[in-house]
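target_24.tsv, holding TSV, C-alpha atoms and all ligand atoms:
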chain	number	residue	atom	x	y	z
A	4	MET	CA	0.00	0.00	0.00
A	5	LYS	CA	1.53	3.33	-1.15
A	6	ILE	CA	1.56	6.27	1.25
A	7	LEU	CA	2.72	9.78	0.36
A	8	VAL	CA	4.62	11.67	3.06
A	9	THR	CA	5.12	15.33	2.19
A	10	GLY	CA	8.02	16.92	4.07
A	11	GLY	CA	9.15	13.35	4.67
A	12	LEU	CA	12.79	14.31	5.22
A	13	GLY	CA	11.94	16.71	8.03
A	14	PHE	CA	12.18	16.03	11.75
A	15	ILE	CA	8.78	14.40	12.38
A	16	GLY	CA	8.33	13.32	8.77
A	17	SER	CA	11.50	11.21	8.69
A	18	HIS	CA	10.64	9.44	11.94
A	19	THR	CA	7.15	8.75	10.58
A	20	VAL	CA	8.56	7.28	7.36
A	21	VAL	CA	10.59	4.84	9.49
A	22	GLU	CA	7.50	3.75	11.42
A	23	LEU	CA	5.44	3.41	8.20
A	24	GLN	CA	8.13	1.21	6.68
A	25	ASN	CA	8.30	-0.82	9.90
A	26	LYS	CA	4.61	-1.55	9.36
A	27	GLY	CA	5.15	-2.63	5.75
A	28	TYR	CA	3.89	0.43	3.90
A	29	GLN	CA	5.50	1.54	0.64
A	30	VAL	CA	6.44	5.19	1.16
A	31	VAL	CA	6.78	8.01	-1.35
A	32	ILE	CA	8.50	11.11	0.04
A	33	ILE	CA	8.10	14.58	-1.43
A	34	ASP	CA	10.46	17.18	-0.04
A	35	ASN	CA	11.85	20.42	-1.50
A	36	LEU	CA	14.97	20.11	0.70
A	37	SER	CA	14.48	23.70	1.93
A	38	ASN	CA	14.72	22.50	5.53
A	39	ALA	CA	16.19	19.01	5.17
A	40	SER	CA	19.03	17.18	3.43
A	41	LEU	CA	19.37	13.93	1.50
A	42	ASP	CA	21.52	12.63	4.40
A	43	VAL	CA	18.19	12.08	6.16
A	44	LEU	CA	17.12	9.71	3.37
A	45	GLU	CA	20.34	7.73	3.96
A	46	GLY	CA	19.55	7.67	7.66
A	47	ILE	CA	16.07	6.26	7.02
A	48	VAL	CA	17.42	3.55	4.73
A	49	SER	CA	20.16	2.65	7.21
A	50	ILE	CA	17.49	2.10	9.88
A	51	THR	CA	14.92	0.16	7.85
A	52	ASN	CA	16.96	-1.22	4.94
A	53	GLN	CA	14.11	-0.07	2.71
A	54	ALA	CA	14.47	2.81	0.26
A	55	PRO	CA	11.39	5.06	0.05
A	56	ILE	CA	10.66	6.57	-3.35
A	57	PHE	CA	11.94	10.14	-3.13
A	58	GLU	CA	10.89	13.05	-5.32
A	59	LYS	CA	12.42	16.50	-4.86
A	60	LEU	CA	9.40	18.71	-5.50
A	61	ASP	CA	8.18	22.06	-4.27
A	62	LEU	CA	4.48	21.85	-3.44
A	63	LYS	CA	4.16	25.57	-4.19
A	64	ASP	CA	4.47	24.55	-7.88
A	65	LYS	CA	0.84	23.68	-8.66
A	66	SER	CA	1.54	21.98	-12.02
A	67	ALA	CA	4.29	19.89	-10.42
A	68	VAL	CA	1.79	18.72	-7.80
A	69	GLN	CA	-0.74	17.87	-10.52
A	70	ASN	CA	1.85	15.93	-12.52
A	71	PHE	CA	2.98	14.06	-9.41
A	72	PHE	CA	-0.53	12.82	-8.62
A	73	LYS	CA	-1.09	11.87	-12.27
A	74	ALA	CA	1.95	9.60	-11.94
A	75	HIS	CA	0.89	8.20	-8.55
A	76	GLN	CA	-2.84	7.45	-8.86
A	77	ASP	CA	-2.35	4.42	-6.56
A	78	ILE	CA	-1.64	6.50	-3.45
A	79	GLN	CA	-3.85	5.22	-0.61
A	80	GLY	CA	-3.07	7.92	1.91
A	81	VAL	CA	-1.19	11.17	2.47
A	82	ILE	CA	0.56	12.40	5.61
A	83	HIS	CA	1.16	16.10	5.10
A	84	PHE	CA	4.10	17.55	7.04
A	85	ALA	CA	5.48	19.94	4.40
A	86	ALA	CA	5.31	23.44	5.93
A	87	SER	CA	7.47	26.12	7.50
A	88	LYS	CA	7.32	25.96	11.30
A	89	ALA	CA	9.42	28.66	12.96
A	90	VAL	CA	7.16	30.90	15.03
A	91	GLY	CA	9.55	33.87	15.10
A	92	GLU	CA	10.33	33.69	11.37
A	93	SER	CA	6.62	33.67	10.60
A	94	VAL	CA	6.23	37.02	12.36
A	95	THR	CA	8.96	38.65	10.25
A	96	ASN	CA	7.98	36.92	6.98
A	97	PRO	CA	4.21	36.22	7.09
A	98	LEU	CA	3.61	36.04	3.33
A	99	MET	CA	6.24	33.32	2.96
A	100	TYR	CA	4.38	31.34	5.61
A	101	TYR	CA	0.94	31.83	4.07
A	102	GLU	CA	2.23	30.88	0.63
A	103	ASN	CA	4.25	27.89	1.82
A	104	ASN	CA	1.80	26.51	4.37
A	105	ILE	CA	-1.57	27.32	2.80
A	106	ASN	CA	-1.14	27.25	-1.00
A	107	THR	CA	0.63	23.88	-0.80
A	108	LEU	CA	-2.19	22.40	1.30
A	109	VAL	CA	-4.79	23.61	-1.22
A	110	TYR	CA	-2.89	22.10	-4.17
A	111	VAL	CA	-2.56	18.72	-2.45
A	112	LEU	CA	-6.24	18.66	-1.47
A	113	GLN	CA	-7.30	19.63	-5.01
A	114	GLU	CA	-5.55	16.49	-6.26
A	115	LEU	CA	-6.79	14.27	-3.43
A	116	ILE	CA	-10.47	14.96	-4.11
A	117	LYS	CA	-9.96	13.66	-7.66
A	118	LEU	CA	-8.92	10.24	-6.32
A	119	GLU	CA	-11.50	7.49	-5.68
A	120	VAL	CA	-10.83	7.37	-1.95
A	121	SER	CA	-8.40	9.55	-0.08
A	122	ASN	CA	-7.07	9.45	3.45
A	123	PHE	CA	-5.34	12.56	4.70
A	124	ILE	CA	-3.40	13.16	7.91
A	125	PHE	CA	-2.61	16.81	8.68
A	126	SER	CA	0.29	17.97	10.83
A	127	SER	CA	-1.26	20.50	13.17
A	128	SER	CA	-0.15	21.99	16.48
A	129	CYS	CA	-1.27	22.76	20.02
A	130	THR	CA	-0.42	26.33	19.14
A	131	VAL	CA	-4.00	26.61	17.84
A	132	TYR	CA	-5.16	26.72	21.47
A	133	GLY	CA	-3.05	29.76	22.38
A	134	GLN	CA	-3.06	30.05	26.17
A	135	ALA	CA	-5.83	27.57	26.98
A	136	ASP	CA	-7.88	28.35	30.09
A	137	VAL	CA	-8.06	24.77	31.35
A	138	MET	CA	-5.26	22.22	31.79
A	139	PRO	CA	-4.89	19.56	30.51
A	140	ILE	CA	-6.01	20.77	27.09
A	141	ALA	CA	-8.75	18.70	25.40
A	142	GLU	CA	-9.66	18.79	21.70
A	143	THR	CA	-12.84	20.62	22.73
A	144	ALA	CA	-10.83	23.58	24.05
A	145	PRO	CA	-11.57	26.70	22.02
A	146	VAL	CA	-9.24	27.55	19.16
A	147	LYS	CA	-8.00	31.02	20.06
A	148	LEU	CA	-6.68	33.92	18.04
A	149	ALA	CA	-3.31	32.69	16.80
A	150	GLU	CA	-0.25	34.21	18.46
A	151	SER	CA	1.74	34.08	15.21
A	152	PRO	CA	1.25	33.71	11.45
A	153	TYR	CA	2.66	30.19	11.84
A	154	GLY	CA	-0.06	29.30	14.33
A	155	ASN	CA	-2.61	30.98	12.06
A	156	THR	CA	-1.58	28.77	9.14
A	157	LYS	CA	-2.35	25.72	11.27
A	158	GLN	CA	-5.76	27.09	12.24
A	159	ILE	CA	-6.57	28.08	8.65
A	160	GLY	CA	-5.25	24.72	7.43
A	161	GLU	CA	-7.66	22.84	9.68
A	162	GLU	CA	-10.56	25.01	8.49
A	163	ILE	CA	-9.67	24.40	4.83
A	164	ILE	CA	-9.61	20.64	5.42
A	165	LYS	CA	-12.88	20.69	7.37
A	166	ASP	CA	-14.67	22.72	4.66
A	167	THR	CA	-13.30	20.42	1.94
A	168	CYS	CA	-14.35	17.28	3.81
A	169	ASN	CA	-17.83	18.70	4.30
A	170	ILE	CA	-18.51	18.49	0.56
A	171	ASN	CA	-16.26	15.54	-0.31
A	172	ALA	CA	-17.48	12.44	1.55
A	173	LYS	CA	-14.70	10.41	-0.05
A	174	LEU	CA	-12.04	12.57	1.61
A	175	ASN	CA	-11.31	11.25	5.11
A	176	SER	CA	-8.98	13.31	7.27
A	177	ILE	CA	-7.46	13.60	10.72
A	178	ALA	CA	-5.67	16.65	12.11
A	179	LEU	CA	-3.03	15.77	14.69
A	180	ARG	CA	-2.26	18.61	17.12
A	181	TYR	CA	1.29	18.05	18.38
A	182	PHE	CA	2.45	19.41	21.67
A	183	ASN	CA	6.27	19.71	21.87
A	184	PRO	CA	8.03	17.07	19.77
A	185	ILE	CA	11.56	16.32	21.06
A	186	GLY	CA	14.29	13.68	20.95
A	187	ALA	CA	15.60	11.46	18.16
A	188	HIS	CA	15.48	7.88	16.87
A	189	ASP	CA	17.28	5.53	19.29
A	190	SER	CA	19.68	4.55	16.49
A	191	ALA	CA	20.92	8.19	16.44
A	192	LYS	CA	20.78	7.96	12.64
A	193	ILE	CA	18.01	10.56	12.32
A	194	GLY	CA	16.95	13.40	14.59
A	195	GLU	CA	16.23	17.11	14.76
A	196	LEU	CA	18.34	19.29	12.44
A	197	PRO	CA	17.71	22.91	13.42
A	198	ILE	CA	19.10	25.42	10.92
A	199	GLY	CA	21.17	28.20	12.48
A	200	VAL	CA	20.55	29.19	16.08
A	201	PRO	CA	17.91	26.82	17.52
A	202	GLN	CA	14.64	28.50	18.50
A	203	ASN	CA	13.41	25.46	20.44
A	204	LEU	CA	14.53	24.47	23.93
A	205	ILE	CA	15.91	20.96	23.48
A	206	PRO	CA	18.30	21.55	20.58
A	207	TYR	CA	19.54	24.66	22.37
A	208	ILE	CA	20.19	22.59	25.50
A	209	THR	CA	22.11	19.88	23.64
A	210	GLN	CA	24.12	22.40	21.58
A	211	THR	CA	25.06	24.23	24.79
A	212	ALA	CA	26.11	20.97	26.45
A	213	ILE	CA	28.24	19.96	23.44
A	214	GLY	CA	29.92	23.40	23.44
A	215	GLN	CA	28.34	24.75	20.26
A	216	ARG	CA	26.49	27.47	22.26
A	217	ALA	CA	27.97	29.36	25.18
A	218	GLN	CA	24.99	29.33	27.50
A	219	LEU	CA	21.25	28.57	27.49
A	220	SER	CA	18.97	31.52	28.26
A	221	VAL	CA	15.89	30.49	30.20
A	222	PHE	CA	13.13	32.86	29.15
A	223	GLY	CA	11.65	33.91	32.46
A	224	ASP	CA	11.20	32.34	35.90
A	225	ASP	CA	8.42	34.59	37.15
A	226	TYR	CA	5.48	32.66	35.69
A	227	PRO	CA	2.73	31.29	37.97
A	228	THR	CA	4.09	27.72	37.81
A	229	SER	CA	5.77	25.35	40.28
A	230	ASP	CA	9.23	26.84	39.72
A	231	GLY	CA	8.38	30.00	37.77
A	232	THR	CA	9.33	28.64	34.33
A	233	CYS	CA	6.87	27.73	31.57
A	234	VAL	CA	5.21	24.33	31.35
A	235	ARG	CA	5.08	22.28	28.14
A	236	ASP	CA	4.20	18.72	27.13
A	237	TYR	CA	7.38	17.25	25.65
A	238	ILE	CA	6.58	14.20	23.53
A	239	HIS	CA	9.21	11.82	22.12
A	240	VAL	CA	9.26	12.13	18.32
A	241	VAL	CA	9.10	8.32	17.89
A	242	ASP	CA	5.89	8.15	19.94
A	243	LEU	CA	4.55	10.97	17.78
A	244	ALA	CA	5.56	9.12	14.59
A	245	LYS	CA	3.79	5.96	15.75
A	246	ALA	CA	0.63	7.98	16.37
A	247	HIS	CA	0.62	8.98	12.69
A	248	VAL	CA	0.68	5.35	11.61
A	249	VAL	CA	-2.17	4.52	13.98
A	250	ALA	CA	-4.20	7.50	12.72
A	251	LEU	CA	-3.62	6.44	9.10
A	252	GLN	CA	-4.70	2.88	9.89
A	253	ARG	CA	-7.88	4.28	11.47
A	254	LEU	CA	-8.75	5.89	8.13
A	255	LEU	CA	-7.63	2.97	5.96
A	256	ASN	CA	-9.77	0.62	8.09
A	257	LYS	CA	-12.68	3.10	7.92
A	258	ASN	CA	-12.88	3.26	11.72
A	259	ASN	CA	-13.19	7.03	11.75
A	260	GLN	CA	-16.51	8.36	13.05
A	261	THR	CA	-16.62	11.47	10.84
A	262	ASN	CA	-14.50	12.43	7.86
A	263	PHE	CA	-12.75	15.21	9.78
A	264	GLU	CA	-11.35	14.32	13.23
A	265	VAL	CA	-8.89	16.05	15.56
A	266	PHE	CA	-6.55	14.46	18.11
A	267	ASN	CA	-4.15	16.01	20.62
A	268	LEU	CA	-0.79	14.24	20.73
A	269	GLY	CA	1.18	14.70	23.92
A	270	THR	CA	2.26	12.73	26.97
A	271	GLY	CA	-0.45	14.27	29.16
A	272	THR	CA	2.26	15.49	31.56
A	273	GLY	CA	3.56	19.04	31.80
A	274	SER	CA	7.22	19.77	32.53
A	275	THR	CA	8.79	23.10	33.42
A	276	VAL	CA	11.91	24.36	31.67
A	277	LEU	CA	13.94	23.79	34.84
A	278	GLU	CA	12.61	20.23	35.10
A	279	VAL	CA	13.71	19.61	31.50
A	280	ILE	CA	17.17	20.95	32.31
A	281	LYS	CA	17.33	18.71	35.39
A	282	ALA	CA	16.31	15.67	33.33
A	283	PHE	CA	19.00	16.48	30.78
A	284	GLU	CA	21.69	16.92	33.44
A	285	LYS	CA	20.73	13.55	34.94
A	286	VAL	CA	20.85	11.54	31.70
A	287	SER	CA	23.94	13.30	30.33
A	288	ASP	CA	25.75	13.43	33.67
A	289	THR	CA	26.73	17.03	32.86
A	290	LYS	CA	26.01	20.42	34.42
A	291	LEU	CA	24.24	22.70	31.97
A	292	ASN	CA	25.38	26.32	31.74
A	293	TYR	CA	22.24	28.46	31.78
A	294	LYS	CA	20.97	31.80	33.03
A	295	ILE	CA	17.53	33.21	33.68
A	296	VAL	CA	16.65	36.13	31.38
A	297	ASP	CA	13.49	38.06	30.53
A	298	ARG	CA	10.38	36.35	29.25
A	299	ARG	CA	10.10	35.63	25.50
A	300	GLN	CA	7.22	37.43	23.82
A	301	GLY	CA	4.40	35.13	22.78
A	302	ASP	CA	5.20	32.31	25.19
A	303	VAL	CA	2.16	30.77	26.84
A	304	ILE	CA	2.48	29.97	30.54
A	305	SER	CA	1.38	26.36	30.32
A	306	ALA	CA	0.31	23.83	27.69
A	307	TYR	CA	-0.06	20.09	28.19
A	308	ALA	CA	-2.42	17.62	26.57
A	309	ASP	CA	-5.52	15.78	27.67
A	310	THR	CA	-4.66	12.53	25.87
A	311	SER	CA	-7.86	10.64	26.71
A	312	LYS	CA	-9.36	10.92	23.21
A	313	ALA	CA	-6.21	9.61	21.49
A	314	ASN	CA	-5.94	6.87	24.12
A	315	ALA	CA	-9.58	5.81	23.74
A	316	GLU	CA	-10.16	6.22	20.01
A	317	LEU	CA	-6.72	5.65	18.52
A	318	GLY	CA	-5.67	3.14	21.15
A	319	TRP	CA	-2.40	5.12	21.29
A	320	LYS	CA	-0.39	6.55	24.16
A	321	SER	CA	3.15	7.84	24.46
A	322	GLU	CA	5.61	5.29	25.84
A	323	HIS	CA	8.87	7.22	26.33
A	324	THR	CA	9.66	9.30	29.41
A	325	LEU	CA	11.12	12.81	29.38
A	326	GLU	CA	14.47	11.32	30.36
A	327	ASP	CA	14.30	8.83	27.45
A	328	ALA	CA	13.70	11.72	25.08
A	329	MET	CA	16.50	13.85	26.54
A	330	LEU	CA	18.94	10.95	26.34
A	331	SER	CA	18.03	10.30	22.69
A	332	ALA	CA	18.47	14.00	21.90
A	333	TRP	CA	21.89	13.96	23.59
A	334	LYS	CA	23.02	10.81	21.72
A	335	TRP	CA	21.96	12.45	18.46
A	336	GLN	CA	23.75	15.71	19.27
A	337	LYS	CA	26.98	13.80	19.94
A	338	VAL	CA	26.67	12.08	16.55
A	339	LEU	CA	26.11	15.42	14.82
A	340	HIS	CA	29.13	16.84	16.59
A	341	SER	CA	31.34	13.94	15.58
A	342	ASN	CA	30.54	14.38	11.85
A	401	LIG	C1	9.62	25.69	25.07
A	401	LIG	C2	9.88	26.40	26.39
A	401	LIG	C3	10.43	28.73	26.14
A	401	LIG	C4	14.22	28.16	24.06
A	401	LIG	C5	7.13	25.88	19.63
A	401	LIG	C6	6.04	26.23	18.68
A	401	LIG	C7	5.07	25.08	18.58
A	401	LIG	C8	5.83	23.84	18.20
A	401	LIG	C9	6.92	23.54	19.22
A	401	LIG	C10	5.73	23.50	15.83
A	401	LIG	C11	9.27	27.80	26.43
A	401	LIG	C12	11.60	27.96	26.71
A	401	LIG	C13	13.01	27.92	24.70
A	401	LIG	C14	15.28	28.75	24.78
A	401	LIG	C15	13.90	28.81	26.74
A	401	LIG	N1	6.38	23.96	16.91
A	401	LIG	N2	12.86	28.24	26.02
A	401	LIG	N3	15.09	29.06	26.11
A	401	LIG	O1	7.50	27.72	22.04
A	401	LIG	O2	6.54	25.76	23.36
A	401	LIG	O3	6.56	25.69	20.89
A	401	LIG	O4	7.77	24.71	19.24
A	401	LIG	O5	4.67	22.95	15.80
A	401	LIG	O6	4.13	25.40	17.59
A	401	LIG	O7	5.35	27.34	19.20
A	401	LIG	O8	8.69	25.49	22.11
A	401	LIG	O9	11.02	24.83	22.53
A	401	LIG	O10	10.55	27.17	21.68
A	401	LIG	O11	9.97	26.59	24.02
A	401	LIG	O12	13.73	29.09	27.94
A	401	LIG	O13	16.42	29.01	24.26
A	401	LIG	O14	11.29	26.59	26.52
A	401	LIG	O15	10.30	29.98	26.80
A	401	LIG	O16	8.84	28.02	27.76
A	401	LIG	P1	7.29	26.27	22.19
A	401	LIG	P2	10.14	26.03	22.52

Produce structure tokens that represent the structure in this file.
Ligand code: WQD
Amino acid sequence: MKILVTGGLGFIGSHTVVELQNKGYQVVIIDNLSNASLDVLEGIVSITNQAPIFEKLDLKDKSAVQNFFKAHQDIQGVIHFAASKAVGESVTNPLMYYENNINTLVYVLQELIKLEVSNFIFSSSCTVYGQADVMPIAETAPVKLAESPYGNTKQIGEEIIKDTCNINAKLNSIALRYFNPIGAHDSAKIGELPIGVPQNLIPYITQTAIGQRAQLSVFGDDYPTSDGTCVRDYIHVVDLAKAHVVALQRLLNKNNQTNFEVFNLGTGTGSTVLEVIKAFEKVSDTKLNYKIVDRRQGDVISAYADTSKANAELGWKSEHTLEDAMLSAWKWQKVLHSN
């Protein structure tokens, strides 16, 4: 069974390709290599000994998308990761984000609705909730005004899919709202590859520990939390990848209740920044050099998932601990540093 993974050489995409291949799916990857390299394809093959079909293609090129689907009419499902995802960059370059995250989604959906049956998994984000009023956050929590153009593209993306599914009964879709994906494959052959100075916490921690960064800045310790630092739900990327396979199987087996469903993907546990640092120091047996600085604009105080819907309806739950994830991130960082 042939599954298309757009953005399949990215952080979550590559880990999902591995889990799809582990389950016997034939995978076609589309990636424009704007935020990934072909080394990732080698990493996938070295883990699974199976070579996905790879096509370098920019989904912003509508005719290229049309030609691709003409050549792959036997695709049974699509997992759509291809998008830009840096919150800060989206604020300074909104049009690039709307073009790259919205136009591409429209072009893929326009081709999917021409197929006999189509199963579509959308990479969404907990950022759609903004600062939720109630913790843990359930799928029924209100979608709030996005804090960034990036977050807005995820909200708009879900609306586009919902509206399209409303008039295309043959299009079955699931939006997966990720909390904070972290870590790397246990083989340390694939992992997160931040470009330039990392915006996210975990790569900044591991780059500081390896000596690539001088010191981690902790953005504020005066929040109303257990230790004053922000709370997030850090989910191991392999657990997240496995959730995509389970969601796809739900659609392929026609077990979905409606043709547009939403699931939160997290561990269900919130961790503060200082707790993450402590977990890292424990698994790496190092002392991390960090300092407390001012708050970062746009940060929400707390966000962690109510995972009961994914547990009950997908039969999925995360299996790795925060320490597992931090250790895998550290192993991966040491491999990157040795290359
Ligand atoms: C986590 C915590 C920071 C860096 C973002 C996107 C979200 C998703 C995941 C795509 C916060 C603190 C961070 C640093 C720090 N991306 N921090 N020093 O902002 O929760 O979520 O990435 O889907 O959509 O918004 O993740 O890792 O940037 O921050 O203190 O150098 O770590 O203040 O409390 P975030 P993050």

Atom-to-atom span, CA of Leu291 in chain A and CA of Ser220 in chain A, Å: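 So the two atoms, CA of Leu291 in chain A and CA of Ser220 in chain A, lie 10.9 Å apart.
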
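Ranking A:Val234, A:Val30, A:Ala250, A:Leu44 by their shortest atom-to-atom distance to ligand LIG 401 (chain A), with only C-alpha atoms and all ligand atoms included, puts A:Val234 first.
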
Please put the answer as JSON: centre and edge lengths, in Å with one decimal, of a box along x, y and z that encloses all listed atoms of ligand LIG 401 (chain A) plus 4 Å on each side.
{"center_x": 10.3, "center_y": 26.5, "center_z": 21.9, "size_x": 20.3, "size_y": 15.0, "size_z": 20.1}

Of the residues A:Pro227, A:Pro55, A:Gly273, A:Gly154, which is the one nearest to ligand LIG 401 (chain A), using all atoms listed in the file?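 That would be A:Gly154, the residue with the smallest distance to ligand LIG 401 (chain A).
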
From the list A:Thr130, A:Thr228, A:Asn169, A:Ser341, which residue is nearest ligand LIG 401 (chain A) when using all atoms listed in the file?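 Once distances to ligand LIG 401 (chain A) are computed over all atoms listed in the file, the minimum belongs to A:Thr130.
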